[in-house]
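Content type compact mmCIF, C-alpha atoms and all ligand atoms, from the file entry.txt:
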```txt
# COMPACT_ATOMS: atom_id res chain seq x y z
CA MET A 1 -29.63 119.82 -34.57
CA VAL A 2 -30.13 116.90 -32.22
CA PRO A 3 -28.59 114.25 -34.50
CA SER A 4 -25.46 116.35 -34.97
CA ILE A 5 -25.03 116.80 -31.23
CA LEU A 6 -25.43 113.07 -30.78
CA ALA A 7 -22.84 112.52 -33.45
CA LEU A 8 -20.45 114.84 -31.62
CA VAL A 9 -21.05 112.99 -28.35
CA ALA A 10 -20.48 109.67 -30.10
CA LEU A 11 -17.23 110.99 -31.57
CA ALA A 12 -16.04 112.24 -28.19
CA CYS A 13 -16.79 108.87 -26.62
CA ALA A 14 -15.02 107.03 -29.39
CA SER A 15 -11.85 109.07 -29.00
CA SER A 16 -11.73 108.78 -25.20
CA ALA A 17 -12.30 105.04 -25.47
CA GLN A 18 -9.30 104.61 -27.74
CA VAL A 19 -6.99 101.86 -26.60
CA SER A 20 -4.06 103.38 -24.76
CA THR A 21 -0.78 102.85 -26.51
CA SER A 22 1.31 103.15 -23.38
CA ASP A 23 3.80 100.38 -22.76
CA TRP A 24 4.74 100.14 -19.06
CA GLN A 25 7.92 98.18 -18.44
CA ARG A 26 10.11 97.82 -15.42
CA THR A 27 13.25 99.85 -15.96
CA ILE A 28 16.25 99.89 -13.65
CA ILE A 29 19.16 102.31 -13.66
CA PHE A 30 22.29 102.27 -11.54
CA ILE A 31 24.71 105.17 -11.47
CA HIS A 32 27.87 104.71 -9.47
CA LYS A 33 28.76 107.89 -7.60
CA GLU A 34 30.70 107.98 -4.33
CA THR A 35 28.82 110.17 -1.92
CA SER A 36 28.81 111.11 1.74
CA PRO A 37 25.66 110.52 3.83
CA SER A 38 24.45 114.10 3.40
CA GLN A 39 24.51 113.89 -0.38
CA TYR A 40 21.69 112.62 -2.56
CA VAL A 41 21.68 111.71 -6.22
CA PHE A 42 18.70 112.45 -8.42
CA LEU A 43 18.08 111.40 -11.97
CA ARG A 44 17.08 113.67 -14.78
CA GLY A 45 16.39 112.72 -18.35
CA GLY A 46 13.88 111.83 -21.00
CA LEU A 47 14.53 112.71 -24.61
CA ASP A 48 17.39 115.10 -25.19
CA HIS A 49 16.16 118.42 -26.53
CA SER A 50 18.31 117.87 -29.61
CA ARG A 51 16.15 114.87 -30.56
CA ARG A 52 12.82 116.68 -30.70
CA ALA A 53 11.99 120.24 -31.58
CA ASP A 54 8.84 120.45 -29.43
CA CYS A 55 10.22 119.86 -25.93
CA VAL A 56 8.83 122.31 -23.36
CA ARG A 57 10.06 123.13 -19.86
CA ASN A 58 7.09 121.59 -18.05
CA ALA A 59 7.25 117.88 -17.19
CA THR A 60 3.48 117.40 -17.24
CA VAL A 61 3.04 118.45 -20.86
CA ASP A 62 6.53 117.93 -22.27
CA PRO A 63 6.61 115.25 -25.00
CA CYS A 64 10.28 114.75 -24.05
CA SER A 65 9.54 113.70 -20.47
CA ILE A 66 8.74 110.03 -19.83
CA PRO A 67 5.95 108.85 -17.51
CA ILE A 68 7.18 106.69 -14.62
CA ARG A 69 5.67 104.99 -11.59
CA HIS A 70 7.87 104.31 -8.58
CA ILE A 71 7.65 100.64 -7.61
CA TRP A 72 8.69 100.55 -3.95
CA THR A 73 6.70 102.14 -1.20
CA THR A 74 9.46 102.40 1.34
CA ARG A 75 8.96 102.58 5.09
CA GLY A 76 10.69 105.91 5.19
CA HIS A 77 11.98 105.85 8.76
CA TYR A 78 14.47 108.48 9.85
CA LEU A 79 17.18 107.54 7.36
CA GLY A 80 15.01 106.94 4.34
CA TYR A 81 12.30 109.53 4.76
CA LYS A 82 13.75 111.99 2.28
CA TYR A 83 13.70 109.43 -0.49
CA LYS A 84 10.14 108.47 0.38
CA THR A 85 9.02 112.08 0.47
CA TRP A 86 10.62 113.02 -2.85
CA CYS A 87 9.00 110.00 -4.56
CA GLN A 88 5.55 111.34 -3.83
CA GLY A 89 4.06 113.04 -6.85
CA ASP A 90 7.08 112.21 -8.99
CA ASN A 91 5.40 111.10 -12.18
CA TYR A 92 7.96 111.80 -14.88
CA LEU A 93 11.57 111.38 -15.75
CA ASP A 94 12.30 114.89 -16.96
CA TRP A 95 15.03 117.53 -17.13
CA TYR A 96 13.55 120.22 -14.94
CA GLY A 97 13.96 119.51 -11.22
CA PRO A 98 10.93 119.44 -8.92
CA GLU A 99 7.59 118.61 -10.51
CA GLN A 100 4.47 120.46 -9.61
CA GLY A 101 3.10 118.66 -6.53
CA GLN A 102 6.21 116.59 -5.93
CA GLY A 103 7.05 115.95 -2.27
CA PHE A 104 9.55 118.22 -0.52
CA VAL A 105 11.41 117.94 2.74
CA ARG A 106 11.03 120.78 5.18
CA SER A 107 12.70 121.32 8.51
CA THR A 108 12.56 124.47 10.64
CA THR A 109 15.39 126.04 8.71
CA LEU A 110 15.60 124.24 5.40
CA TYR A 111 13.29 123.73 2.47
CA THR A 112 14.57 120.88 0.34
CA PRO A 113 12.63 120.23 -2.83
CA ALA A 114 13.36 117.21 -5.00
CA GLN A 115 15.85 117.96 -7.74
CA GLY A 116 14.53 115.41 -10.18
CA THR A 117 13.62 111.76 -9.74
CA PRO A 118 15.11 110.49 -6.46
CA MET A 119 17.44 107.48 -6.53
CA MET A 120 18.20 105.03 -3.71
CA TRP A 121 21.69 104.62 -2.29
CA THR A 122 22.55 100.91 -2.57
CA THR A 123 25.28 98.48 -1.64
CA ASN A 124 25.98 94.87 -2.56
CA GLY A 125 26.70 93.83 1.04
CA ARG A 126 24.28 93.50 3.93
CA TYR A 127 25.05 95.04 7.34
CA SER A 128 27.44 97.46 5.73
CA ARG A 129 26.11 100.94 6.26
CA ALA A 130 28.68 101.77 8.92
CA GLU A 131 31.40 101.44 6.32
CA TRP A 132 29.68 104.18 4.38
CA CYS A 133 30.02 106.57 7.34
CA PRO A 134 32.95 108.95 7.61
CA GLN A 135 35.54 107.89 10.19
CA GLY A 136 34.65 109.31 13.59
CA ASP A 137 31.06 110.25 12.72
CA PHE A 138 29.44 108.53 15.65
CA ASN A 139 25.91 109.58 14.83
CA CYS A 140 26.27 107.98 11.48
CA ARG A 141 28.01 104.83 12.71
CA TYR A 142 25.84 104.13 15.73
CA PRO A 143 22.94 102.34 14.04
CA PHE A 144 25.25 99.88 12.27
CA LYS A 145 24.39 96.96 14.49
CA TYR A 146 20.78 97.20 13.40
CA ASP A 147 21.91 97.69 9.88
CA ASP A 148 19.80 95.40 7.77
CA PHE A 149 18.54 98.12 5.51
CA ARG A 150 17.04 96.96 2.25
CA ALA A 151 16.82 99.47 -0.53
CA GLU A 152 13.39 98.24 -1.58
CA ASN A 153 11.98 98.54 1.96
CA ASP A 154 13.93 101.43 3.39
CA GLY A 155 14.84 103.69 0.51
CA PHE A 156 18.56 102.87 0.83
CA GLY A 157 20.76 99.88 1.66
CA TYR A 158 21.32 96.41 0.31
CA THR A 159 19.74 95.16 -2.88
CA PRO A 160 20.47 91.82 -4.55
CA ARG A 161 20.48 93.67 -7.87
CA ASN A 162 23.66 95.49 -6.92
CA LYS A 163 26.55 93.13 -7.76
CA TRP A 164 29.37 95.67 -7.52
CA GLY A 165 29.75 97.62 -4.29
CA TYR A 166 28.87 100.77 -2.39
CA HIS A 167 27.34 103.91 -3.81
CA TYR A 168 25.41 102.42 -6.71
CA TRP A 169 22.46 104.79 -6.78
CA MET A 170 19.40 102.97 -8.11
CA LEU A 171 16.18 103.82 -9.86
CA ASP A 172 13.58 101.03 -10.08
CA VAL A 173 10.37 102.11 -11.79
CA LEU A 174 7.72 101.21 -14.29
CA MET A 175 8.32 103.36 -17.33
CA ASP A 176 6.13 104.08 -20.34
CA CYS A 177 8.43 102.80 -23.07
CA SER A 178 6.11 104.12 -25.77
CA ARG A 179 7.45 107.59 -24.95
CA THR A 180 11.08 106.69 -25.59
CA TRP A 181 13.17 107.01 -28.73
CA SER A 182 12.81 103.47 -30.16
CA GLY A 183 13.35 102.10 -26.66
CA TRP A 184 16.17 104.53 -25.76
CA PHE A 185 16.18 107.54 -23.50
CA ASP A 186 18.77 109.95 -22.11
CA VAL A 187 19.74 110.20 -18.45
CA LYS A 188 22.03 112.36 -16.35
CA ALA A 189 22.57 112.31 -12.61
CA TYR A 190 22.26 115.40 -10.46
CA LEU A 191 24.04 115.72 -7.11
CA THR A 192 22.61 117.59 -4.13
CA PRO A 193 23.05 119.67 -2.06
CA GLU A 194 25.78 120.82 -4.46
CA GLN A 195 23.25 121.21 -7.30
CA GLU A 196 25.79 119.72 -9.61
CA TRP A 197 24.97 118.17 -12.96
CA GLU A 198 26.87 115.08 -13.97
CA PRO A 199 29.31 116.27 -16.64
CA ASP A 200 28.70 115.51 -20.29
CA ILE A 201 29.98 112.20 -21.52
CA TRP A 202 30.23 111.09 -25.09
CA GLN A 203 28.69 107.67 -25.30
CA LYS A 204 29.42 106.18 -28.65
CA GLY A 205 27.70 102.84 -28.81
CA SER A 206 30.28 101.19 -26.60
CA CYS A 207 28.10 99.70 -23.85
CA ARG A 208 28.56 96.09 -22.93
CA SER A 209 25.30 94.64 -24.14
CA ARG A 210 24.80 91.68 -26.38
CA THR A 211 21.63 92.73 -28.05
CA TYR A 212 21.36 96.47 -27.84
CA LEU A 213 23.58 99.10 -29.32
CA PRO A 214 22.78 102.60 -28.10
CA PRO A 215 22.27 105.26 -30.71
CA PRO A 216 25.51 107.12 -31.35
CA SER A 217 26.48 110.64 -30.40
CA SER A 218 24.83 111.45 -27.09
CA ARG A 219 26.24 113.71 -24.41
CA ASN A 220 24.15 111.77 -21.86
CA HIS A 221 24.01 108.16 -20.82
CA MET A 222 21.70 106.31 -23.17
CA ALA A 223 19.51 103.85 -21.28
CA ARG A 224 17.26 101.12 -22.59
CA CYS A 225 13.63 101.03 -21.45
CA GLY A 226 12.54 97.73 -19.87
CA MET A 227 16.14 96.74 -19.01
CA THR A 228 18.77 97.13 -16.29
CA ASN A 229 21.29 99.86 -17.15
CA VAL A 230 24.52 100.37 -15.20
CA PHE A 231 26.57 103.55 -15.57
CA GLU A 232 29.48 105.38 -13.97
CA TRP A 233 29.13 109.07 -13.02
CA GLY A 234 30.85 111.22 -15.63
CA GLN A 235 32.30 108.27 -17.55
CA THR A 236 31.47 106.63 -20.84
CA LEU A 237 32.63 103.26 -19.52
CA PRO A 238 31.86 100.99 -17.82
CA CYS A 239 28.33 100.80 -19.14
CA GLU A 240 26.19 97.69 -19.12
CA ILE A 241 22.69 97.00 -20.33
CA TYR A 242 21.01 93.66 -19.68
CA PRO A 243 17.61 92.06 -18.90
CA ASN A 244 16.25 92.60 -15.39
CA ASP A 245 17.19 90.13 -12.69
CA PRO A 246 13.94 88.49 -11.44
CA ASP A 247 15.02 88.95 -7.78
CA PRO A 248 13.45 90.79 -6.04
CA ALA A 249 10.22 90.42 -7.95
CA LEU A 250 7.69 93.20 -8.38
CA PRO A 251 5.67 93.67 -5.19
CA SER A 252 2.13 92.33 -5.47
CA THR A 253 0.68 95.84 -5.28
CA VAL A 254 2.32 96.75 -8.58
CA THR A 255 1.31 95.31 -11.89
CA SER A 256 2.62 96.19 -15.30
CA SER A 257 -0.46 94.83 -17.05
CA PRO A 258 -3.78 96.67 -17.12
CA ARG A 259 -5.78 96.26 -13.94
CA THR A 260 -8.46 93.57 -14.11
CA THR A 261 -11.62 94.15 -12.16
CA ARG A 262 -11.87 92.38 -8.87
CA GLN A 263 -15.58 91.87 -9.48
CA GLY A 264 -15.02 89.69 -12.55
CA TYR A 265 -12.61 87.56 -10.61
CA MET A 266 -15.03 87.11 -7.70
CA SER A 267 -18.02 86.22 -9.81
CA SER A 268 -16.11 83.50 -11.66
CA GLY A 269 -15.30 81.90 -8.30
CA LYS A 270 -17.35 79.26 -6.50
C1 LIG A 301 2.51 122.71 -16.61
O1 LIG A 301 1.39 122.38 -17.37
C2 LIG A 301 0.22 122.08 -16.60
C3 LIG A 301 -0.85 121.56 -17.53
O2 LIG A 301 -1.09 122.46 -18.57
C4 LIG A 301 -0.20 123.32 -15.84
O3 LIG A 301 -1.32 123.03 -15.05
C5 LIG A 301 0.96 123.76 -14.96
O4 LIG A 301 0.64 124.98 -14.31
C6 LIG A 301 2.24 123.93 -15.75
N1 LIG A 301 3.33 124.15 -14.83
C7 LIG A 301 4.14 125.18 -14.92
C8 LIG A 301 5.22 125.25 -13.89
O5 LIG A 301 4.05 126.02 -15.78
```

Would you write the structure of this file as structure tokens?
Ligand SMILES: *[C@@H]1O[C@H](CO)[C@@H](O)[C@H](O)[C@H]1NC(C)=O
Amino acid sequence: MVPSILALVALACASSAQVSTSDWQRTIIFIHKETSPSQYVFLRGGLDHSRRADCVRNATVDPCSIPIRHIWTTRGHYLGYKYKTWCQGDNYLDWYGPEQGQGFVRSTTLYTPAQGTPMMWTTNGRYSRAEWCPQGDFNCRYPFKYDDFRAENDGFGYTPRNKWGYHYWMLDVLMDCSRTWSGWFDVKAYLTPEQEWEPDIWQKGSCRSRTYLPPPSSRNHMARCGMTNVFEWGQTLPCEIYPNDPDPALPSTVTSSPRTTRQGYMSSGK
């Protein structure tokens, strides 16, 4: 009896010690959607249910959801706090809205859960938030003179990655590319508070990308893991896929390689 129990224990240890096959790569998505300050764009996606028969409506266990880690820990002051809150506990790109344990925004009258993976509102110009405000909305326009909001720090604002203009909603995450469809995955934007899905598009391998041709016949945007992907809400074109710009670099708290132990590093020192 004892040897067989030992054998079982040995087997269990062997399987839990298996080398992880996950492949974390920085993945950036922009979706251009003109919004007003009260609107927020979320991202939904993963593998389309038509690509796998075993998708289930639960992000944690769904083989069609894709593990992500948000890169930027934003300050989350009064204008960016919703983004910051919704990022908490958001561990998957999936199709199903709020994840179990994902942050929600609550005021005295309103309960506002995340409706997917939150994106950051970005612009290509600094000191430009006031131009985003509706004419005559003083509360919105007032802070413009302090307007040096950086998407990576504040959850919205300027980012050097945005080369195009206002309203380029951005996702900047580490993504487990091993869970994609040969490097591809589906995305669709979701607008709140309207609770409005981006309409179907019919992307047919027409993205501007030198190296990568998306798989044909998708009713979603097809994005490439480990790359920068730029899309237009509800449109097949323009659509660009290209390697990530090195600026701004990953913050030092985030690493895409397996963590090395601090101890080993110390003991090899002087
Ligand atoms: C999703 O699956 C996890 C793990 O099995 C479970 O704990 C959780 O309750 C499920 N969530 C829902 C909403 O069913």

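Atom pair CA of Asp48 in chain A / CA of Pro243 in chain A: separated by 23.9 Å.
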
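Taking atom C4 of ligand LIG 301 (chain A) and CA of Cys225 in chain A as the two end points, the separation is 26.8 Å.
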
- Query: Which value, in Å to one decimal, gives the distance between CA of Arg161 in chain A and CA of Asp247 in chain A?
  - Reply: 7.2 Å

Neighbouring residues of Phe149 in chain A were defined as those with any atom within 8 Å, considering only C-alpha atoms; residues of the same chain fewer than 5 positions away were excluded. Please report them as a PDB file with C-alpha atoms, in the coordinates of the input.
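As written to disk, part.pdb reads:
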```pdb
ATOM      1  CA  ARG A 126      24.280  93.500   3.930  1.00  0.00           C
ATOM      2  CA  TYR A 127      25.050  95.040   7.340  1.00  0.00           C
ATOM      3  CA  ASP A 154      13.930 101.430   3.390  1.00  0.00           C
ATOM      4  CA  PHE A 156      18.560 102.870   0.830  1.00  0.00           C
ATOM      5  CA  GLY A 157      20.760  99.880   1.660  1.00  0.00           C
ATOM      6  CA  TYR A 158      21.320  96.410   0.310  1.00  0.00           C
TER       7      TYR A 158
END
```

For the contact check between range 19-95 of chain A and range 232-235 of chain A, emit one row per residue of range 19-95 of chain A within 7 Å, containing the shortest atom pair and the distance in Å rounded to one decimal, counting only C-alpha atoms, chain then rising number order, as CSV.
```
residue,atom,partner,partner_atom,distance
A:Ile31,CA,A:Glu232,CA,5.4
A:His32,CA,A:Glu232,CA,4.8
A:Lys33,CA,A:Trp233,CA,5.6
```

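With distances restricted to all atoms listed in the file, A:Asp176 is the closest residue to Trp24 in chain A from A:Glu99, A:Glu152, A:Asp176, A:Asp62.
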
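Closest approach to Thr112 in chain A among A:Gln195, A:Thr180, A:Thr27, A:Thr35 is made by A:Gln195 (distances from only C-alpha atoms).
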
- Query: Could you name the residues that touch range 71-74 of chain A at 10 Å or less, counting all atoms listed in the file, but leaving out those on the same chain fewer than 2 positions away, as a VMD selection string?
  - Reply: chain A and resid 26 68 to 69 76 to 77 80 to 81 83 to 85 87 to 88 150 to 156 171 to 174 250 to 251 253 to 255

- Would you list the residues that come within 6 Å of ligand LIG 301 (chain A)? Count only C-alpha atoms and all ligand atoms and give the answer as a VMD selection string. chain A and resid 58 60 to 61
